[in-house]
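Trainee: mmCIF, C-alpha atoms, saved as final-v7.cif, coming up:
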data_work
loop_
_atom_site.label_atom_id
_atom_site.label_comp_id
_atom_site.auth_asym_id
_atom_site.auth_seq_id
_atom_site.Cartn_x
_atom_site.Cartn_y
_atom_site.Cartn_z
CA MET Q 902 -69.46 69.40 154.14
CA SER Q 903 -65.80 69.98 153.28
CA LEU Q 904 -64.19 68.91 150.03
CA LEU Q 905 -61.34 66.62 151.03
CA LEU Q 906 -58.12 66.28 149.08
CA SER Q 907 -56.61 62.90 148.30
CA THR Q 908 -54.36 61.00 150.67
CA ARG Q 909 -51.70 61.27 148.00
CA ALA Q 910 -51.83 65.07 148.11
CA ALA Q 911 -51.39 65.03 151.87
CA GLN Q 912 -48.34 62.76 151.65
CA ILE Q 913 -46.35 64.87 149.21
CA GLY Q 914 -44.36 67.87 150.43
CA ASP Q 915 -43.44 71.08 148.66
CA SER Q 916 -40.13 71.32 146.83
CA PRO Q 917 -37.64 73.01 149.20
CA THR Q 918 -35.68 74.44 146.29
CA LEU Q 919 -38.79 76.03 144.81
CA GLN Q 920 -39.73 77.41 148.23
CA ILE Q 921 -36.30 79.03 148.58
CA ASN Q 922 -36.59 80.44 145.05
CA ALA Q 923 -39.99 81.94 145.83
CA LYS Q 924 -38.77 83.59 149.05
CA ALA Q 925 -35.68 84.96 147.32
CA ARG Q 926 -37.75 86.38 144.45
CA ALA Q 927 -40.15 88.02 146.92
CA LEU Q 928 -37.29 89.72 148.75
CA LYS Q 929 -35.77 90.87 145.46
CA ALA Q 930 -39.13 92.24 144.34
CA ALA Q 931 -39.26 94.20 147.60
CA GLY Q 932 -35.95 95.83 146.68
CA GLN Q 933 -33.65 93.70 148.85
CA PRO Q 934 -30.16 92.90 147.41
CA VAL Q 935 -30.55 89.13 147.60
CA ILE Q 936 -27.76 86.90 146.31
CA HIS Q 937 -29.09 83.57 145.08
CA LEU Q 938 -26.67 80.69 145.67
CA GLY Q 939 -29.37 78.05 145.74
CA GLY Q 940 -30.12 77.85 142.03
CA GLY Q 941 -29.95 74.79 139.84
CA GLU Q 942 -29.43 76.36 136.43
CA PRO Q 943 -26.37 77.83 134.76
CA THR Q 944 -26.38 81.54 133.92
CA TYR Q 945 -24.38 80.61 130.80
CA PRO Q 946 -26.19 81.83 127.64
CA ALA Q 947 -28.07 79.38 125.42
CA PRO Q 948 -26.12 77.86 122.50
CA LYS Q 949 -26.40 79.98 119.37
CA ALA Q 950 -27.58 76.99 117.31
CA ALA Q 951 -30.54 76.46 119.64
CA VAL Q 952 -31.49 80.14 119.59
CA GLU Q 953 -31.35 80.31 115.80
CA ALA Q 954 -33.52 77.19 115.55
CA ILE Q 955 -36.11 78.76 117.88
CA ILE Q 956 -36.23 81.94 115.78
CA GLN Q 957 -36.54 80.00 112.52
CA LYS Q 958 -39.30 77.80 113.91
CA ALA Q 959 -41.22 80.78 115.28
CA GLN Q 960 -40.96 82.63 112.00
CA SER Q 961 -42.34 79.62 110.14
CA ARG Q 962 -45.61 80.12 112.07
CA ASN Q 963 -45.99 76.36 111.95
CA ILE Q 964 -46.03 75.47 115.65
CA LYS Q 965 -48.18 72.41 116.23
CA TYR Q 966 -48.57 69.22 118.24
CA THR Q 967 -45.63 66.84 118.02
CA PRO Q 968 -45.61 63.03 118.21
CA SER Q 969 -46.31 62.08 121.81
CA CYS Q 970 -42.99 60.32 122.40
CA GLY Q 971 -40.83 62.81 120.49
CA THR Q 972 -40.09 63.81 116.94
CA PRO Q 973 -37.99 61.48 114.77
CA ALA Q 974 -35.38 64.24 114.38
CA LEU Q 975 -34.91 64.60 118.14
CA LYS Q 976 -34.91 60.84 118.72
CA LYS Q 977 -32.15 60.47 116.13
CA ALA Q 978 -30.14 63.26 117.78
CA VAL Q 979 -30.52 61.64 121.20
CA LEU Q 980 -29.52 58.23 119.86
CA ALA Q 981 -26.42 59.73 118.23
CA TYR Q 982 -25.54 61.47 121.50
CA THR Q 983 -26.06 58.24 123.45
CA GLN Q 984 -23.95 56.18 121.07
CA GLN Q 985 -21.14 58.74 121.28
CA HIS Q 986 -21.06 58.88 125.08
CA TYR Q 987 -22.09 55.32 126.00
CA GLN Q 988 -20.58 53.44 123.03
CA HIS Q 989 -23.82 51.55 122.53
CA ALA Q 990 -26.37 51.75 119.72
CA PHE Q 991 -30.06 51.89 120.61
CA ALA Q 992 -33.09 51.81 118.30
CA MET Q 993 -35.74 54.48 117.69
CA SER Q 994 -38.26 52.35 119.60
CA GLN Q 995 -35.96 52.44 122.64
CA VAL Q 996 -36.01 56.20 123.30
CA LEU Q 997 -38.68 58.44 124.82
CA ILE Q 998 -38.51 62.25 124.68
CA SER Q 999 -40.13 63.98 127.67
CA ALA Q 1000 -40.74 67.43 129.11
CA GLY Q 1001 -37.47 67.35 131.02
CA ALA Q 1002 -35.45 64.54 132.59
CA LYS Q 1003 -37.74 64.81 135.61
CA GLN Q 1004 -40.77 63.73 133.59
CA ALA Q 1005 -38.76 60.92 132.02
CA LEU Q 1006 -37.91 59.63 135.50
CA PHE Q 1007 -41.50 60.03 136.69
CA ASN Q 1008 -42.75 58.16 133.64
CA PHE Q 1009 -40.41 55.30 134.55
CA LEU Q 1010 -41.71 55.18 138.12
CA LEU Q 1011 -45.35 55.21 136.97
CA ALA Q 1012 -44.69 52.46 134.44
CA ALA Q 1013 -42.55 50.18 136.63
CA VAL Q 1014 -43.46 50.67 140.29
CA GLN Q 1015 -46.47 49.10 142.02
CA PRO Q 1016 -47.69 49.54 145.63
CA GLY Q 1017 -45.30 47.66 147.87
CA ASP Q 1018 -42.35 48.01 145.49
CA GLU Q 1019 -39.18 49.63 146.79
CA VAL Q 1020 -36.79 52.00 145.01
CA VAL Q 1021 -33.31 52.15 146.54
CA PHE Q 1022 -31.04 55.22 146.24
CA PRO Q 1023 -28.18 56.74 148.24
CA ALA Q 1024 -28.22 59.87 150.37
CA PRO Q 1025 -27.61 62.66 149.79
CA TYR Q 1026 -30.17 62.54 146.99
CA TRP Q 1027 -31.99 64.97 144.73
CA VAL Q 1028 -34.93 66.39 146.67
CA SER Q 1029 -37.62 64.99 144.35
CA TYR Q 1030 -36.61 61.32 144.45
CA PRO Q 1031 -38.54 60.29 147.60
CA GLU Q 1032 -41.65 62.26 146.69
CA MET Q 1033 -41.75 60.92 143.12
CA VAL Q 1034 -41.40 57.34 144.33
CA LYS Q 1035 -44.25 57.88 146.79
CA LEU Q 1036 -46.41 59.47 144.08
CA ALA Q 1037 -45.94 56.32 142.02
CA GLY Q 1038 -47.12 54.22 144.96
CA GLY Q 1039 -43.69 52.90 145.88
CA THR Q 1040 -41.54 53.04 148.99
CA PRO Q 1041 -38.29 55.05 148.89
CA ILE Q 1042 -35.39 53.22 150.56
CA VAL Q 1043 -32.64 55.69 151.41
CA VAL Q 1044 -29.12 54.38 152.02
CA LYS Q 1045 -27.15 56.79 154.18
CA PRO Q 1046 -23.34 56.75 154.31
CA ARG Q 1047 -21.72 55.69 157.57
CA GLN Q 1048 -19.60 58.83 157.41
CA GLY Q 1049 -19.04 61.58 154.90
CA LEU Q 1050 -21.15 61.78 151.77
CA ARG Q 1051 -20.42 58.54 149.89
CA VAL Q 1052 -22.04 55.15 150.22
CA SER Q 1053 -20.36 51.99 149.01
CA ALA Q 1054 -21.81 49.65 146.40
CA GLN Q 1055 -22.11 46.98 149.08
CA GLU Q 1056 -24.20 49.30 151.27
CA ILE Q 1057 -26.60 49.79 148.35
CA ILE Q 1058 -26.69 46.05 147.65
CA LYS Q 1059 -27.42 45.23 151.30
CA ALA Q 1060 -30.48 47.50 151.18
CA VAL Q 1061 -32.05 45.42 148.39
CA THR Q 1062 -34.93 43.15 149.41
CA PRO Q 1063 -37.35 40.88 147.50
CA HIS Q 1064 -39.55 43.99 147.18
CA THR Q 1065 -36.91 46.10 145.39
CA LYS Q 1066 -37.97 47.12 141.89
CA ALA Q 1067 -35.15 49.53 141.05
CA ILE Q 1068 -31.90 51.12 142.14
CA LEU Q 1069 -31.61 54.81 141.25
CA ILE Q 1070 -28.15 56.35 140.80
CA ASN Q 1071 -27.20 59.99 140.14
CA SER Q 1072 -23.54 60.62 139.27
CA PRO Q 1073 -22.13 63.23 139.48
CA CYS Q 1074 -24.39 63.69 142.45
CA ASN Q 1075 -26.77 66.56 143.14
CA PRO Q 1076 -26.15 67.94 145.79
CA ALA Q 1077 -22.62 66.78 146.69
CA GLY Q 1078 -20.95 66.84 143.27
CA HIS Q 1079 -19.04 63.57 143.71
CA ILE Q 1080 -18.58 60.97 140.97
CA LEU Q 1081 -19.27 57.33 141.73
CA ASP Q 1082 -16.19 55.39 140.62
CA GLU Q 1083 -15.86 52.56 138.13
CA ASP Q 1084 -15.85 49.82 140.75
CA PHE Q 1085 -19.09 51.14 142.26
CA ILE Q 1086 -20.84 51.34 138.88
CA ARG Q 1087 -19.52 47.92 137.79
CA GLN Q 1088 -20.83 46.25 140.94
CA ILE Q 1089 -24.26 47.87 140.74
CA VAL Q 1090 -24.67 47.17 137.01
CA ARG Q 1091 -23.83 43.49 137.40
CA PHE Q 1092 -25.85 43.07 140.59
CA THR Q 1093 -29.02 44.57 139.10
CA ALA Q 1094 -28.64 42.42 135.98
CA ASP Q 1095 -28.21 39.26 138.07
CA ARG Q 1096 -31.18 40.12 140.31
CA HIS Q 1097 -33.41 41.25 137.43
CA ILE Q 1098 -34.17 44.66 138.92
CA PHE Q 1099 -34.04 47.98 137.13
CA LEU Q 1100 -31.02 50.25 137.28
CA VAL Q 1101 -31.92 53.86 136.55
CA MET Q 1102 -28.95 56.10 135.76
CA ASP Q 1103 -29.85 59.76 136.27
CA ASP Q 1104 -27.00 61.11 134.15
CA ILE Q 1105 -28.17 64.70 133.78
CA TYR Q 1106 -24.74 66.03 134.91
CA HIS Q 1107 -22.56 63.33 133.36
CA GLN Q 1108 -20.49 65.72 131.21
CA LEU Q 1109 -20.31 68.55 133.76
CA VAL Q 1110 -17.12 67.28 135.41
CA PHE Q 1111 -13.85 68.94 136.40
CA ASP Q 1112 -10.11 68.35 136.78
CA GLY Q 1113 -10.03 66.02 133.79
CA SER Q 1114 -12.44 63.59 135.45
CA ARG Q 1115 -14.82 61.30 133.56
CA THR Q 1116 -17.95 59.52 134.66
CA PRO Q 1117 -17.85 55.72 134.24
CA ASN Q 1118 -19.92 54.33 131.38
CA PRO Q 1119 -22.47 51.88 132.85
CA CYS Q 1120 -23.06 50.26 129.47
CA ALA Q 1121 -19.47 48.99 129.48
CA TYR Q 1122 -20.20 46.58 132.35
CA ALA Q 1123 -23.41 44.95 131.13
CA GLU Q 1124 -23.84 42.07 128.72
CA ASP Q 1125 -27.58 42.72 128.58
CA LEU Q 1126 -28.93 46.28 128.91
CA HIS Q 1127 -32.56 45.18 129.19
CA HIS Q 1128 -32.69 46.20 132.86
CA MET Q 1129 -30.95 49.59 132.46
CA VAL Q 1130 -32.56 53.00 131.90
CA LEU Q 1131 -30.47 56.04 130.97
CA ILE Q 1132 -32.03 59.41 131.88
CA ASN Q 1133 -30.65 62.65 130.48
CA GLY Q 1134 -31.62 66.00 128.97
CA VAL Q 1135 -30.45 69.36 127.63
CA SER Q 1136 -31.22 71.44 130.72
CA LYS Q 1137 -27.92 71.35 132.61
CA LEU Q 1138 -25.43 70.53 129.87
CA TYR Q 1139 -26.46 73.32 127.53
CA GLY Q 1140 -27.95 75.73 130.07
CA LEU Q 1141 -31.35 75.17 128.43
CA THR Q 1142 -33.47 74.66 131.54
CA GLY Q 1143 -36.34 76.60 129.99
CA LEU Q 1144 -36.77 74.20 127.08
CA ARG Q 1145 -37.96 71.36 129.35
CA ILE Q 1146 -36.58 68.57 127.18
CA GLY Q 1147 -35.21 65.32 128.55
CA TRP Q 1148 -35.24 61.66 127.57
CA ALA Q 1149 -35.05 58.04 128.62
CA VAL Q 1150 -33.20 55.35 126.67
CA SER Q 1151 -33.49 51.61 127.33
CA GLU Q 1152 -33.32 48.35 125.40
CA ASN Q 1153 -36.48 47.36 127.25
CA GLU Q 1154 -38.99 48.34 124.56
CA GLU Q 1155 -41.93 47.17 126.66
CA LEU Q 1156 -40.87 49.60 129.39
CA ILE Q 1157 -40.32 52.51 126.98
CA GLY Q 1158 -43.73 51.83 125.43
CA ALA Q 1159 -45.41 51.88 128.84
CA MET Q 1160 -43.61 55.10 129.76
CA GLY Q 1161 -44.82 56.61 126.51
CA ARG Q 1162 -48.42 55.70 127.34
CA MET Q 1163 -48.11 57.41 130.72
CA GLN Q 1164 -46.85 60.53 128.98
CA ALA Q 1165 -49.51 60.45 126.29
CA GLN Q 1166 -52.25 60.42 128.91
CA SER Q 1167 -50.72 63.26 130.94
CA THR Q 1168 -48.89 65.91 128.94
CA SER Q 1169 -49.82 64.54 125.48
CA CYS Q 1170 -46.63 65.74 123.81
CA ASN Q 1171 -43.61 68.01 124.12
CA SER Q 1172 -43.25 71.59 122.91
CA ASP Q 1173 -42.68 71.83 119.16
CA ILE Q 1174 -40.29 74.78 119.54
CA SER Q 1175 -38.39 73.11 122.38
CA GLU Q 1176 -37.82 69.90 120.43
CA VAL Q 1177 -36.48 71.80 117.42
CA ALA Q 1178 -34.11 73.76 119.68
CA ALA Q 1179 -32.93 70.58 121.43
CA VAL Q 1180 -32.10 68.98 118.06
CA ALA Q 1181 -30.01 72.03 117.18
CA ALA Q 1182 -28.18 71.94 120.51
CA LEU Q 1183 -27.36 68.22 120.24
CA ASN Q 1184 -26.35 68.35 116.58
CA GLY Q 1185 -24.61 71.73 116.71
CA PRO Q 1186 -21.10 72.73 117.82
CA GLN Q 1187 -20.24 71.29 121.24
CA ASP Q 1188 -17.71 73.94 122.25
CA CYS Q 1189 -20.42 75.42 124.48
CA VAL Q 1190 -20.21 72.34 126.74
CA LYS Q 1191 -16.44 72.69 127.20
CA ASP Q 1192 -16.83 76.42 127.78
CA LEU Q 1193 -19.53 75.88 130.41
CA CYS Q 1194 -17.38 73.28 132.21
CA ALA Q 1195 -14.45 75.69 132.25
CA VAL Q 1196 -16.60 78.48 133.70
CA LEU Q 1197 -18.08 76.18 136.34
CA GLU Q 1198 -14.69 74.77 137.33
CA ASP Q 1199 -13.36 78.29 137.79
CA ASN Q 1200 -16.44 79.21 139.82
CA ARG Q 1201 -16.02 76.09 141.96
CA ASN Q 1202 -12.42 77.02 142.74
CA THR Q 1203 -13.51 80.53 143.71
CA LEU Q 1204 -16.24 79.16 145.96
CA LEU Q 1205 -13.87 76.73 147.70
CA GLU Q 1206 -11.34 79.50 148.27
CA GLU Q 1207 -13.99 81.70 149.89
CA LEU Q 1208 -15.43 78.85 151.96
CA SER Q 1209 -11.95 78.07 153.31
CA LYS Q 1210 -12.09 81.41 155.16
CA ILE Q 1211 -15.10 80.33 157.25
CA PRO Q 1212 -14.00 78.37 160.34
CA HIS Q 1213 -15.60 75.14 161.56
CA ILE Q 1214 -17.16 74.04 158.27
CA ARG Q 1215 -16.37 70.96 156.18
CA VAL Q 1216 -16.68 70.61 152.42
CA GLU Q 1217 -15.61 67.92 149.95
CA LYS Q 1218 -14.28 69.23 146.65
CA PRO Q 1219 -17.05 68.75 144.04
CA GLN Q 1220 -15.91 66.67 141.06
CA GLY Q 1221 -18.87 67.73 138.92
CA THR Q 1222 -22.34 69.38 138.74
CA PHE Q 1223 -22.48 72.98 139.94
CA TYR Q 1224 -23.15 72.40 143.61
CA SER Q 1225 -21.14 72.10 146.79
CA PHE Q 1226 -22.55 70.45 149.87
CA VAL Q 1227 -21.16 72.06 152.99
CA ASP Q 1228 -21.34 70.82 156.59
CA PHE Q 1229 -22.42 73.80 158.71
CA SER Q 1230 -23.50 71.71 161.69
CA HIS Q 1231 -21.05 73.49 163.99
CA TYR Q 1232 -23.21 76.60 163.65
CA ASN Q 1233 -26.62 74.94 163.57
CA ALA Q 1234 -27.53 71.30 163.00
CA ASP Q 1235 -31.01 72.40 161.86
CA SER Q 1236 -30.37 73.19 158.20
CA ASN Q 1237 -33.88 74.61 157.62
CA ALA Q 1238 -33.39 77.11 160.44
CA LEU Q 1239 -29.90 78.01 159.27
CA ALA Q 1240 -30.98 78.54 155.65
CA ALA Q 1241 -33.86 80.74 156.82
CA TYR Q 1242 -31.48 82.71 159.05
CA LEU Q 1243 -28.99 83.30 156.21
CA LEU Q 1244 -31.74 84.46 153.88
CA GLU Q 1245 -33.06 86.90 156.48
CA LYS Q 1246 -29.78 88.03 158.04
CA ALA Q 1247 -27.34 87.85 155.10
CA LEU Q 1248 -29.81 88.02 152.19
CA VAL Q 1249 -28.21 84.91 150.70
CA ALA Q 1250 -30.37 82.04 149.42
CA VAL Q 1251 -29.04 78.50 149.93
CA VAL Q 1252 -30.86 75.16 150.18
CA PRO Q 1253 -31.09 73.22 153.46
CA GLY Q 1254 -29.42 69.82 153.48
CA LYS Q 1255 -32.37 68.15 155.19
CA ALA Q 1256 -34.18 68.24 151.85
CA PHE Q 1257 -31.39 66.04 150.42
CA GLY Q 1258 -31.39 63.57 153.29
CA ALA Q 1259 -28.35 65.07 155.07
CA GLU Q 1260 -29.13 67.29 158.05
CA GLY Q 1261 -26.59 69.93 159.07
CA TYR Q 1262 -25.54 70.62 155.47
CA LEU Q 1263 -26.36 73.45 153.07
CA ARG Q 1264 -26.23 73.16 149.28
CA ILE Q 1265 -24.44 76.14 147.77
CA SER Q 1266 -24.53 76.53 144.00
CA PHE Q 1267 -21.62 77.90 142.02
CA CYS Q 1268 -23.44 78.52 138.76
CA ALA Q 1269 -24.00 82.18 139.66
CA ASP Q 1270 -21.49 84.77 138.45
CA LYS Q 1271 -18.16 84.88 140.27
CA ASP Q 1272 -18.81 88.26 141.91
CA SER Q 1273 -22.05 86.96 143.43
CA ILE Q 1274 -20.27 83.85 144.72
CA ILE Q 1275 -17.59 85.91 146.46
CA LYS Q 1276 -20.01 88.43 147.95
CA GLY Q 1277 -22.51 85.75 148.96
CA VAL Q 1278 -20.02 83.54 150.82
CA ARG Q 1279 -18.51 86.54 152.57
CA ARG Q 1280 -21.98 87.58 153.72
CA ILE Q 1281 -22.53 84.06 155.05
CA GLY Q 1282 -19.23 84.19 156.92
CA ARG Q 1283 -20.09 87.51 158.54
CA ALA Q 1284 -23.57 86.37 159.53
CA LEU Q 1285 -22.24 83.19 161.13
CA THR Q 1286 -19.53 85.05 163.01
CA GLU Q 1287 -21.98 87.59 164.39
CA SER Q 1288 -24.84 85.52 165.73
CA ALA Q 1289 -25.59 82.14 164.20
CA PRO Q 1290 -28.73 80.61 165.73
CA GLY Q 1291 -28.20 77.46 167.74
CA GLY Q 1292 -24.42 77.68 167.48
CA LYS Q 1293 -22.12 75.59 169.64
#
Starting from the coordinates I provided, produce the structure as structure tokens.

Mentor:
Amino acid sequence: MSLLLSTRAAQIGDSPTLQINAKARALKAAGQPVIHLGGGEPTYPAPKAAVEAIIQKAQSRNIKYTPSCGTPALKKAVLAYTQQHYQHAFAMSQVLISAGAKQALFNFLLAAVQPGDEVVFPAPYWVSYPEMVKLAGGTPIVVKPRQGLRVSAQEIIKAVTPHTKAILINSPCNPAGHILDEDFIRQIVRFTADRHIFLVMDDIYHQLVFDGSRTPNPCAYAEDLHHMVLINGVSKLYGLTGLRIGWAVSENEELIGAMGRMQAQSTSCNSDISEVAAVAALNGPQDCVKDLCAVLEDNRNTLLEELSKIPHIRVEKPQGTFYSFVDFSHYNADSNALAAYLLEKALVAVVPGKAFGAEGYLRISFCADKDSIIKGVRRIGRALTESAPGGK
């Protein structure tokens, strides 16, 4: 008699980004000169304040459990950060600290979504959104743009049904790097408030923007923030992906309390060392954020210059994040096959667009060093010129 796994386990797929990372690491371990342009973490060094806090905490030899929903010190730092960037004051009872922004989002879905509920979000989307919604028992409703990579607010609104529990927005967008403009955010904020459905703002990249751009502040368009959830963390902004610290902020204290109970019964609490380091990063000098943006903007420009030398591709200039989303459909509309080909033929790791809900595209990261970006894109160009599979 076989031991059967749950239906839930059978419904959930592997993370394509983690699969690409694993294959790239295996090739590197075998001595192959792989260039990784699929990564989602800056190579920029950790802020000095965070490193010093880690050392001091470790030397204290007092590394214990923390309060399940976050230490008071970190909650205060997050609330100060939120007030500065959203011009709105929240209370200590309205913030939850989690093991990364991903857990904060998953806690929301577990606390808010029931079987039969729908969560609406635009494509292209972060690869985990559909799987996380399904894990929570909900139905992901993907709104695809009629052309290009941007949906309109009205297209999102039209996808809402009586079963919709939440709209999920990520701006700047992973993988395309575009910023949703003020009119879009204003319409969605007011619509969700009027319809009494949740609006989840995945703002993990909200300060990583270029060319003097700014992301619209959703709090500016709402009279009542009871329906809004702000998700953020230190991973991208400070290059502290290894800390695994994120948070959710909402005036809906009942929701935050329920999210905290989900967390308490799963991971119990966050890392003591990580929380101390996150406090130091948030409260310390913020020059590191400006420096990281400058490096990423320079890298983006280098990437776009190199991509312009490859014929028959299309790319929109990223306004933020550290990703570009490039249409390679002329060479092969099957992005999984093309990504596998480039890893094998060119030894360059990129992420297939199918994972983001946009077939024919590849996500290329520009958070690697500039030399790797130049060499990697040139390898891609040569491989496509020589013998791209399925080319037109």

Trainee: Record the distance separating atom CA of Q:Leu997 and atom CA of Q:Arg1091, expressed in Å with one decimal.

Mentor: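 For atom CA of Q:Leu997 relative to atom CA of Q:Arg1091, the distance reads 24.5 Å.
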
Trainee: Report the centre and edge lengths, in Å to one decimal, of an axis-aligned box enclosing every atom of stretch 1105-1120 of chain Q listed in the file, padded by 3 Å on each side, as JSON.

Mentor:
{"center_x": -19.1, "center_y": 59.6, "center_z": 133.1, "size_x": 24.1, "size_y": 24.7, "size_z": 13.3}

Trainee: Which residues, named as in the file, does the PyMOL selection byres ((chain Q and resi 1253) around 8) pick out? Answer as JSON, numbers by chain.

Mentor: {"Q": [917, 1236, 1237, 1239, 1240, 1251, 1252, 1254, 1255, 1256, 1257, 1260, 1261, 1262, 1263, 1264]}

Trainee: Between Q:Arg1145, Q:Lys1271, Q:Lys1066, Q:Lys1045, single out the one closest to Q:Ala1012, counting all atoms listed in the file.

Mentor: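 Using all atoms listed in the file, Q:Ala1012 sits closest to Q:Lys1066.
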
Trainee: Excluding Q:Arg1283 and residues on its chain fewer than 5 positions from it, collect all residues at most 12 Å away from it, counting all atoms listed in the file, and give them as a PyMOL selection string.

Mentor: chain Q and resi 1208+1210-1212+1243+1246-1249+1276-1278+1288-1289

Trainee: Of the candidates Q:Asn1153, Q:Gln960, Q:Thr1142, Q:Gln920, which shows the shortest atom-to-atom distance to Q:Met993, using all atoms listed in the file?

Mentor: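 Counting all atoms listed in the file, the residue closest to Q:Met993 is Q:Asn1153.
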
Trainee: Atom CA of Q:Tyr1224 to atom CA of Q:Ser1266: how many Å, to one decimal?

Mentor: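 Distance reported for this atom pair: 4.4 Å.
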
Trainee: Could you list, as a PyMOL selection string, every residue within 9 Å of Q:Arg1051, counting all atoms listed in the file and ignoring same-chain residues fewer than 5 positions away?

Mentor: chain Q and resi 1023-1025+1045-1046+1079+1081

Trainee: Excluding Q:Ala959 and any residue of its chain fewer than 4 positions from it, enumerate the residues within 12 Å of it, using only C-alpha atoms, and give them as a list in words.

Mentor: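 What passes the distance filter is Val952, Glu953, Ala954, Ile955, Asn963, Ile964, Lys965, Asp1173, Ile1174, Ser1175, Val1177 and Ala1178 of chain Q.
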
Trainee: Counting all atoms listed in the file, what are the residues of stretch 958-1021 of chain Q within 12 Å of stretch 1179-1188 of chain Q, and for each of them which pair of atoms is the nearest and at what distance in Å, to one decimal? Sort the table by chain and rising number, as JSON lines.

Mentor:
{"residue": "Q:Lys958", "atom": "CA", "partner": "Q:Ala1181", "partner_atom": "CA", "distance": 11.4}
{"residue": "Q:Gly971", "atom": "CA", "partner": "Q:Val1180", "partner_atom": "CA", "distance": 11.0}
{"residue": "Q:Thr972", "atom": "CA", "partner": "Q:Val1180", "partner_atom": "CA", "distance": 9.6}
{"residue": "Q:Pro973", "atom": "CA", "partner": "Q:Val1180", "partner_atom": "CA", "distance": 10.1}
{"residue": "Q:Ala974", "atom": "CA", "partner": "Q:Val1180", "partner_atom": "CA", "distance": 6.8}
{"residue": "Q:Leu975", "atom": "CA", "partner": "Q:Val1180", "partner_atom": "CA", "distance": 5.2}
{"residue": "Q:Lys976", "atom": "CA", "partner": "Q:Val1180", "partner_atom": "CA", "distance": 8.6}
{"residue": "Q:Lys977", "atom": "CA", "partner": "Q:Val1180", "partner_atom": "CA", "distance": 8.7}
{"residue": "Q:Ala978", "atom": "CA", "partner": "Q:Val1180", "partner_atom": "CA", "distance": 6.1}
{"residue": "Q:Val979", "atom": "CA", "partner": "Q:Leu1183", "partner_atom": "CA", "distance": 7.4}
{"residue": "Q:Leu980", "atom": "CA", "partner": "Q:Leu1183", "partner_atom": "CA", "distance": 10.2}
{"residue": "Q:Ala981", "atom": "CA", "partner": "Q:Leu1183", "partner_atom": "CA", "distance": 8.8}
{"residue": "Q:Tyr982", "atom": "CA", "partner": "Q:Leu1183", "partner_atom": "CA", "distance": 7.1}
{"residue": "Q:Thr983", "atom": "CA", "partner": "Q:Leu1183", "partner_atom": "CA", "distance": 10.6}
{"residue": "Q:Gln985", "atom": "CA", "partner": "Q:Leu1183", "partner_atom": "CA", "distance": 11.4}
{"residue": "Q:Ile998", "atom": "CA", "partner": "Q:Ala1179", "partner_atom": "CA", "distance": 10.5}
{"residue": "Q:Ser999", "atom": "CA", "partner": "Q:Ala1179", "partner_atom": "CA", "distance": 11.6}
{"residue": "Q:Ala1000", "atom": "CA", "partner": "Q:Ala1179", "partner_atom": "CA", "distance": 11.4}
{"residue": "Q:Gly1001", "atom": "CA", "partner": "Q:Ala1179", "partner_atom": "CA", "distance": 11.1}

Trainee: Using all atoms listed in the file, pick whichever of Q:Ile1089, Q:Ala1005, Q:Ala1060, Q:Ala1195 has the shortest atom-to-atom distance to Q:Ser1151.

Mentor: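 For Q:Ser1151, the nearest of the candidates is Q:Ala1005.
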
Trainee: In Å, how far is it from atom CA of Q:Ser916 to atom CA of Q:Leu1010?

Mentor: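 Distance reported for this atom pair: 18.4 Å.
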
Trainee: Taking into account all atoms listed in the file, which residue in the set Q:Leu1197, Q:Leu1285, Q:Ala931, Q:Ile1157 is nearest to Q:His1213?

Mentor: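 Of all the options, Q:Leu1285 lies closest to Q:His1213.
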
Trainee: Could you add the missing atoms to stretch 1052-1060 of chain Q, up to N, CA and C atoms, and return them as an mmCIF file, in the coordinates of the input?

Mentor:
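Ended up saving to part.cif:
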data_model
loop_
_atom_site.group_PDB
_atom_site.id
_atom_site.type_symbol
_atom_site.label_atom_id
_atom_site.label_comp_id
_atom_site.auth_asym_id
_atom_site.auth_seq_id
_atom_site.Cartn_x
_atom_site.Cartn_y
_atom_site.Cartn_z
ATOM 1 N N VAL Q 1052 -21.723 56.526 149.836
ATOM 2 C CA VAL Q 1052 -22.040 55.150 150.220
ATOM 3 C C VAL Q 1052 -21.227 54.212 149.348
ATOM 4 N N SER Q 1053 -21.047 52.998 149.809
ATOM 5 C CA SER Q 1053 -20.360 51.990 149.010
ATOM 6 C C SER Q 1053 -21.388 51.193 148.213
ATOM 7 N N ALA Q 1054 -20.919 50.506 147.183
ATOM 8 C CA ALA Q 1054 -21.810 49.650 146.400
ATOM 9 C C ALA Q 1054 -22.414 48.561 147.280
ATOM 10 N N GLN Q 1055 -21.617 48.044 148.206
ATOM 11 C CA GLN Q 1055 -22.110 46.980 149.080
ATOM 12 C C GLN Q 1055 -23.211 47.481 150.016
ATOM 13 N N GLU Q 1056 -23.130 48.736 150.434
ATOM 14 C CA GLU Q 1056 -24.200 49.300 151.270
ATOM 15 C C GLU Q 1056 -25.504 49.389 150.485
ATOM 16 N N ILE Q 1057 -25.408 49.758 149.211
ATOM 17 C CA ILE Q 1057 -26.600 49.790 148.350
ATOM 18 C C ILE Q 1057 -27.159 48.375 148.184
ATOM 19 N N ILE Q 1058 -26.277 47.437 147.890
ATOM 20 C CA ILE Q 1058 -26.690 46.050 147.650
ATOM 21 C C ILE Q 1058 -27.376 45.459 148.882
ATOM 22 N N LYS Q 1059 -26.843 45.757 150.067
ATOM 23 C CA LYS Q 1059 -27.420 45.230 151.300
ATOM 24 C C LYS Q 1059 -28.833 45.756 151.559
ATOM 25 N N ALA Q 1060 -29.155 46.913 150.978
ATOM 26 C CA ALA Q 1060 -30.480 47.500 151.180
ATOM 27 C C ALA Q 1060 -31.542 46.869 150.288
#
